[in-house]
Every structure is written in structure tokens, then in C-alpha cells.
Amino acid sequence: MIPTRRARLSGLGPDARRAAGERSPHARTAPARLAGRASALCLSLLLGALPASANEDMPMIYPDTKRVDVVDHLFGVDVADPYRWLETDWRRDAEVARWVDAQDKLARSYLAGLPERDAFATRLAALFDHEQFGVPEKRGGRYFSPRLAGLEAQATLVMREGVNGRDRVILDPNRWSKKGDVALAEWAVSQDGSHVAFAMQEGGSDWRRIRILDVDGEAFLDDELARVRFTTIAWARDGSGFFYARFPDAAADEGFETPVAGHAVYFHRLGTPQAEDRLLFETPDRPNLLNIVCVTEDGRYATVSSMPGAGGNALAIVDLEDPAWTPRVLVAETTNAWALVGNVGTKLFLSTQKGAERGKIVTLDLADPDGRFEDLIPEGDAALREAVLIGGRLVLSTIVDARMRIERFRLDGTPDGTVELPGIGSAGGFTGRADDAEAFFVFTSHDAPTTILRYDVAKNAATVWAEPKVEADLDAIEVEQRFFASTDGTRVPLFLVRRKDVADPAPTLLYGYGGYGISMTPFFSPATIAWVEQGGVYAVANIRGGGEYGKAWHDAGRMANKQNVFDDFIAAGEYLKSEGITAPGGLAIQGESNGGLLVGAVVNQRPDLFAAALPGVGVMDMLRFDRFTGGQFWRQDYGDPGQEADFRNLLSYSPLHTIAPGRNYPAILTLTADTDDRVVPGHSFKYAATLQAADLGDRPRLLRVDRQVGHGAGMPTGKAVDQLADMLAFAARWTGLTVEAPR
């Protein structure tokens, strides 16, 4: 997560979730397009694979996988790595590409033969076939917002002239590619609403190209910026250009094997070549920091948050009225999270976790020669997730037991009531201005589609701006929150979603994440509805490592404390069974990215507890994760494999290294994408090869590889439907869920 003007208090993990619609628990399979991973085949793959139903009692025959003699000698431990060759970028290695093709062919043939798949695919297509809306940005009397119309591959950007005007599509990524694999990523509108700078994401890659649209002329400028990754876009007040962040020239040309370094912030002036962009801020003494920029509403100041990954960030400010653009460091250390909320003249409002594990609001007057931070709104009983300065009020989104509430304060810190929400769920992503009483925010829950609310700050009243119509009987679904005790007695929240008429034990899909301070608050997902409609239970465990209870909850699940995350998730599974919620032999687990690591680790520790596992785009090799692309940013959560104490801790749970032959494992469907340059696919390739080579019982261990998708953001809708249908059918097959064809 990137701290911006909205004062997000969390780190940049392998998910790098964004919100105003923060990614759903199906983080990869329900892509964030709005801004807001005992059956058989008995013939050789060369002869074509039989469907799964052909002979379900025969052992699975996997493609041959070469083993190489590679052993690392690390701190007195010999660590074999026989599938090291699968780390090679498949785009540059024909042998790896052939292996990937064979694995994917096997997986898709098996999945296509599952009788449940077609029913899920049909239902998911219907559930996705509704308009989805993003939170509007108001600029110059115009309203800009992303919108996904039904089953279109990608979301468009629409503009409305005035509050009651007609919407007009101004950017349509569906026209950018015949395959629908080019997405609209980051975007920002100039203060007068005349120009939009936007990032294009191709094939799911983290790399971006930035273009500029002249809104009135309905034409693109010639400007094109490259080597962009992990960036915001922040316009200068006068609209002459914008600030953004990029890497050095060579970085974008390297493959998966080369870590990225040298992130720096530049100013691009419209109509000039990128080579003339002016450097604003860099950290050459710490090349592995990410530098994220924003500009205050009055245009006077630019702030830069410099972060090593998760946990915290340094903070610098630049007075843009000073021609020298000299950075002033406000916070030098990266131990705690800091973010700019807004300013009134030289007075800054900031959020921080320093001295406040749940977060607090402080002020700093830049005109004060002593430069002292002053507490304004102290730490409360809830974890601060977001803070904004709108309509002369400070509006705080906080989390209480994994549920959201919105609180208001006057600028002197005096409490000023709360904002009434439609129900129990997630709310936030506020857009608005300090001098304007009109603002917008999002509300969603497991049984409530993502709705955009227009908020009158002066009246403290919210009304619906845009509400999707979903083809589902949501009144038949019940959302319940419970709490369970983890191994060490820690009280952990758990959400349950099921039909109101389901009282007996039922097949259950349990989701978890547990990292980077990211909170699993309720979020609407078509996949959840499709599963629950069939009589299954969907559960989300708010395990440690997240941000549900602030910094302490995050710290309790990272570095040397990572085992707490796995203990919490295992305890959640045991609770579901002991309470009669889950049917015997009916528990499947799912997680993506850091959640894929979670799934891989707990399967190795308790294979008897689960019937099926769905690890997606997971971090599976904990001894080499920092050697690829942006993996070095994750050391703040996992530790450094090059340090002995961290190495021994990482080795104790690394999914790749703790697979336990001789025990009966659940059915496992590993999912990744060939162009994922966040968590490189070599993690999943090596993990799947190791599973297939081990004596783990007769249930399948398959590898499904999407093409031109990446880590999940920007996934075309059709591919999302296909992937989810495969996942749900696989989980249904091995948990015993009876699936009926949709009417």
C-alpha cells in the first residue's frame, strides 16, 4: 500500500493493494480494475489428456521434470534446489516454456472435466455482468470515475459535466488491445479538469507507460513516459505538468532475475521529452527504497514517502515555490508509518503510528523553526486506516474488530460525530477537497455490492451516487462475525458467509492473507456469492500480520513472529470443524500472493486438516524471494535470507522447503501467471514440481498458468471468470459440495 494524501497506514507487500476499492479477498481472481493467485490422466500429454472423469481412481501422471544438481551451503545447512532451472524467465528459455505448456495443459484438461465447472462458469458470468463503479474525482466542475460495464474486459474512465450531467467515456482500454490485456492503471486529473495523465498496464506487468489526454480536444498528447513502476501521479497546481516515479533506464529491460533499484521522483512538463524531466527526489544512498510523491491541494508542497517495503516510511517535503526545490526531511527513519493528510497554509496534518500502534493525527507548522510534531487526535480504540481533510473536517476511517467506522473531527481535534454507514462492512476511499463540502466514498460488504456514496460534509449525510444491480438474492445470504482462540490464546475475528437456510455442516472455503498490515475487511465478491448460493460456507480469518488491530497486530505476524500467522489460520480451520460449520473432509483454503505463502505453509504443517488448497501467485521459496524484481522490498515483513537468524526462521516454514513426503496431502491447485513480475512465476513452478515429485498420496497437485495476466491487477473479466470457475470447481470436487446448474 502506498501512503498518499489519503494517509494510508500500511506497507507495500507483494499484493500492493490499492483502495478506494481495495482488492477483495479474491485479490487476484476478482481483479482491481477500479481505482480502486484422487483423479487421473493415463495417457502421455503428447497424445492428448483425458478428462478427469475418465478414471478417477488412477494416479495422476505428471509431465517429466528435469532435476539438476544444485546445492547451496547456507549457514552450515545444505539446501538442495533441484528445480533451480525453473526460475529462468520462460520468455527467454524455450525449455522452461515447454514445461509450463505441459503443466498448464494437464491442469486445464483436468479442470475442464470437472462436472461442476460449467455450472460455476455460467453463474459467475451472470454475477460479473453488472456495472461496477469507482469513486469520482471532482476537478474543475467535472466528475471523473472508472466504470466497468458488465462483461467488458477492462474498466473505462468516464467524465460527467456537472453533478447532473451525462456520462461520457473518455478513456476506453478495451480499444487498446484486441485481447483485452491492456488496462487503465493509475490516473490523475489536472486541477482544472482539462487533462488526464494515465498509466497503461500491459499483460498484467507492474511496468507502466504514462500518456496524457487532452479532455477537451479528445486527443492524446505526444508525451509518453516509460520505465514507470510503483508510482502515483501528482499534478502541479497550474497544470503545467505532473510528478511521478520511475526507475533507471536499464531496469525495465531486464527479466525476472534482476532486482529493481534506483526509484526516483521526477517532474514532467507537458510537451517536452522524458529525457528533460526534472529530478525532484532520489535516495542514492538507499537505492532499494520506493519514493512515492503527492502534492498538496494548494499546490505549494510536494511530499515524498520513502519506504523499504512494509512497516514504515521516511517523509520529506519540498516547497515548490522555492525554485531550488530543496527537499526538507521531516522524518528520517523508516520504523513507523507516516502520511500527509492535508494542509492549511504552512500547517500540515499527518497520520502516524509513531507512539501510537493504532495510529493518530499530528500537526506540524513548517513556519515553526523548531519543527515540532504536536498531537491533535490521539490514538483511540480502533485502528486508523485512512484520514482525509475534506469540507473543513478531518474524516477518519477506522477499523473495530475488522469492521469499518467513519469518524469526524474539527480541525482543532474536537470530535464531531460519526458518518452513518449502510451496514457492517468496509468504507473509505474518500475523495474531496478541504474547501468543498462535497465528497465521495465507497461502501461494500460480503453481501453488499460496491456502492459509491456522495457525502455532504456540512450536513453529515450520505446518499447513493452509483449502486450496481447484481443478479442475486442477497437477502437470502447471512454474514456473521465470530471469534476464535488461536494456539497461544489470542482472540481472532472470523467472518462467515452462507445462505440463511444452511444450518448443518457444509463444505467451506476459508480465505486468509496475514501480512503487510493489510486488513481483510468485508468486500463483495461474485465468487463468494457463487459458492454460497450452492450451499457452501465462505469464511475469512482476520489473522495476525494484517492491520485489523494496528501496528501490534502486524508486528505479531511478521519476521520472527511469522509462525503466529500460520497458527491462527490452522486454529481457524479447527474452529470451523469443531463448531460444526464445516463438513467432515470438507475444508478448502485459498490465498493469493502473501496469502499463497500462507496456504503453502499451513498445508505442509497440517495436511490432514484440509481437503483442498488453492495457493495463488504465492511466495513459495523463502530463501530466494529477494533475488527477483521487487522481492527485496519484502524483507521488512519476512526478514533477510542473508542473515543467519532470519534464514533459520524462513527455512522453518518456507513452503518449498517444508513439503513432507509420506503424508497424505490435500488436492492442490497452484495458480500463477507467466508475466507476473511481482511474485515471479518461478516460485510456483518450483513448488509445483516439488509437490509432484514427492510421495503425498493420490490427490492431484496441478499447476495452472494464466497468460498475459501478471499478478492480478488488470486481468480481463473473461479470464477472471475462467479462473474462478476452475478454482471453485476444484474446491467443490474435493470438499464434496453438490453443485446444481444455474436456472
# chains A, B, ... in the order shown; residues from 1 in each chain; ligands from 1
>>> residues_around(residues="Ala673 of chain A", least_positions_apart="5", cutoff="7 Å", atoms="only C-alpha atoms", output="ChimeraX atom specification")
/A:681,705-707,709-711
>>> closest_residue(among="A:Val163, A:Ala314, A:Ile543, A:Ala434", to="Arg558 of chain A", atoms="only C-alpha atoms")
A:Ile543
>>> residues_around(residues="Glu116 of chain A", least_positions_apart="6", cutoff="10 Å", atoms="only C-alpha atoms", output="mmCIF file with N, CA and C atoms, in the first residue's frame")
data_model
loop_
_atom_site.group_PDB
_atom_site.id
_atom_site.type_symbol
_atom_site.label_atom_id
_atom_site.label_comp_id
_atom_site.auth_asym_id
_atom_site.auth_seq_id
_atom_site.Cartn_x
_atom_site.Cartn_y
_atom_site.Cartn_z
ATOM 1 N N ALA A 725 -13.962 -20.064 -12.094
ATOM 2 C CA ALA A 725 -14.719 -21.294 -12.331
ATOM 3 C C ALA A 725 -13.846 -22.516 -12.079
ATOM 4 N N ASP A 726 -12.598 -22.471 -12.519
ATOM 5 C CA ASP A 726 -11.675 -23.573 -12.266
ATOM 6 C C ASP A 726 -11.428 -23.760 -10.774
ATOM 7 N N LEU A 728 -13.266 -22.750 -8.102
ATOM 8 C CA LEU A 728 -14.436 -23.183 -7.343
ATOM 9 C C LEU A 728 -14.804 -24.622 -7.665
ATOM 10 N N ALA A 729 -14.678 -25.012 -8.929
ATOM 11 C CA ALA A 729 -14.976 -26.396 -9.293
ATOM 12 C C ALA A 729 -14.004 -27.355 -8.618
ATOM 13 N N PHE A 730 -12.727 -26.987 -8.573
ATOM 14 C CA PHE A 730 -11.716 -27.816 -7.917
ATOM 15 C C PHE A 730 -12.026 -27.948 -6.427
ATOM 16 N N ALA A 731 -12.337 -26.812 -5.787
ATOM 17 C CA ALA A 731 -12.673 -26.851 -4.359
ATOM 18 C C ALA A 731 -13.933 -27.672 -4.115
ATOM 19 N N ALA A 732 -14.935 -27.515 -4.976
ATOM 20 C CA ALA A 732 -16.183 -28.269 -4.817
ATOM 21 C C ALA A 732 -15.938 -29.768 -4.963
ATOM 22 N N ARG A 733 -15.134 -30.135 -5.965
ATOM 23 C CA ARG A 733 -14.860 -31.560 -6.207
ATOM 24 C C ARG A 733 -14.263 -32.224 -4.976
ATOM 25 N N LEU A 737 -18.907 -30.510 -2.249
ATOM 26 C CA LEU A 737 -20.022 -29.592 -2.461
ATOM 27 C C LEU A 737 -20.843 -30.041 -3.672
ATOM 28 N N THR A 738 -22.126 -30.224 -3.475
ATOM 29 C CA THR A 738 -23.029 -30.577 -4.568
ATOM 30 C C THR A 738 -23.410 -29.309 -5.324
ATOM 31 N N VAL A 739 -23.108 -29.287 -6.611
ATOM 32 C CA VAL A 739 -23.315 -28.092 -7.422
ATOM 33 C C VAL A 739 -24.427 -28.343 -8.418
ATOM 34 N N GLU A 740 -25.429 -27.487 -8.396
ATOM 35 C CA GLU A 740 -26.534 -27.579 -9.336
ATOM 36 C C GLU A 740 -26.358 -26.553 -10.444
ATOM 37 N N ALA A 741 -26.779 -26.905 -11.620
ATOM 38 C CA ALA A 741 -26.708 -25.972 -12.739
ATOM 39 C C ALA A 741 -27.604 -24.771 -12.455
#
>>> atom_distance(atom1="atom CA of Ala601 of chain A", atom2="atom CA of Arg699 of chain A")
18.1 Å
>>> residues_around(residues="segment 337-348 of chain A", least_positions_apart="5", cutoff="10 Å", atoms="only C-alpha atoms", output="VMD selection string")
chain A and resid 2 to 11 294 to 298 300 to 301 303 to 307 310 to 315 317 330 to 331 353 to 354 357 359 to 368 373 386 to 390 392 394 to 395 411 433 to 434 551
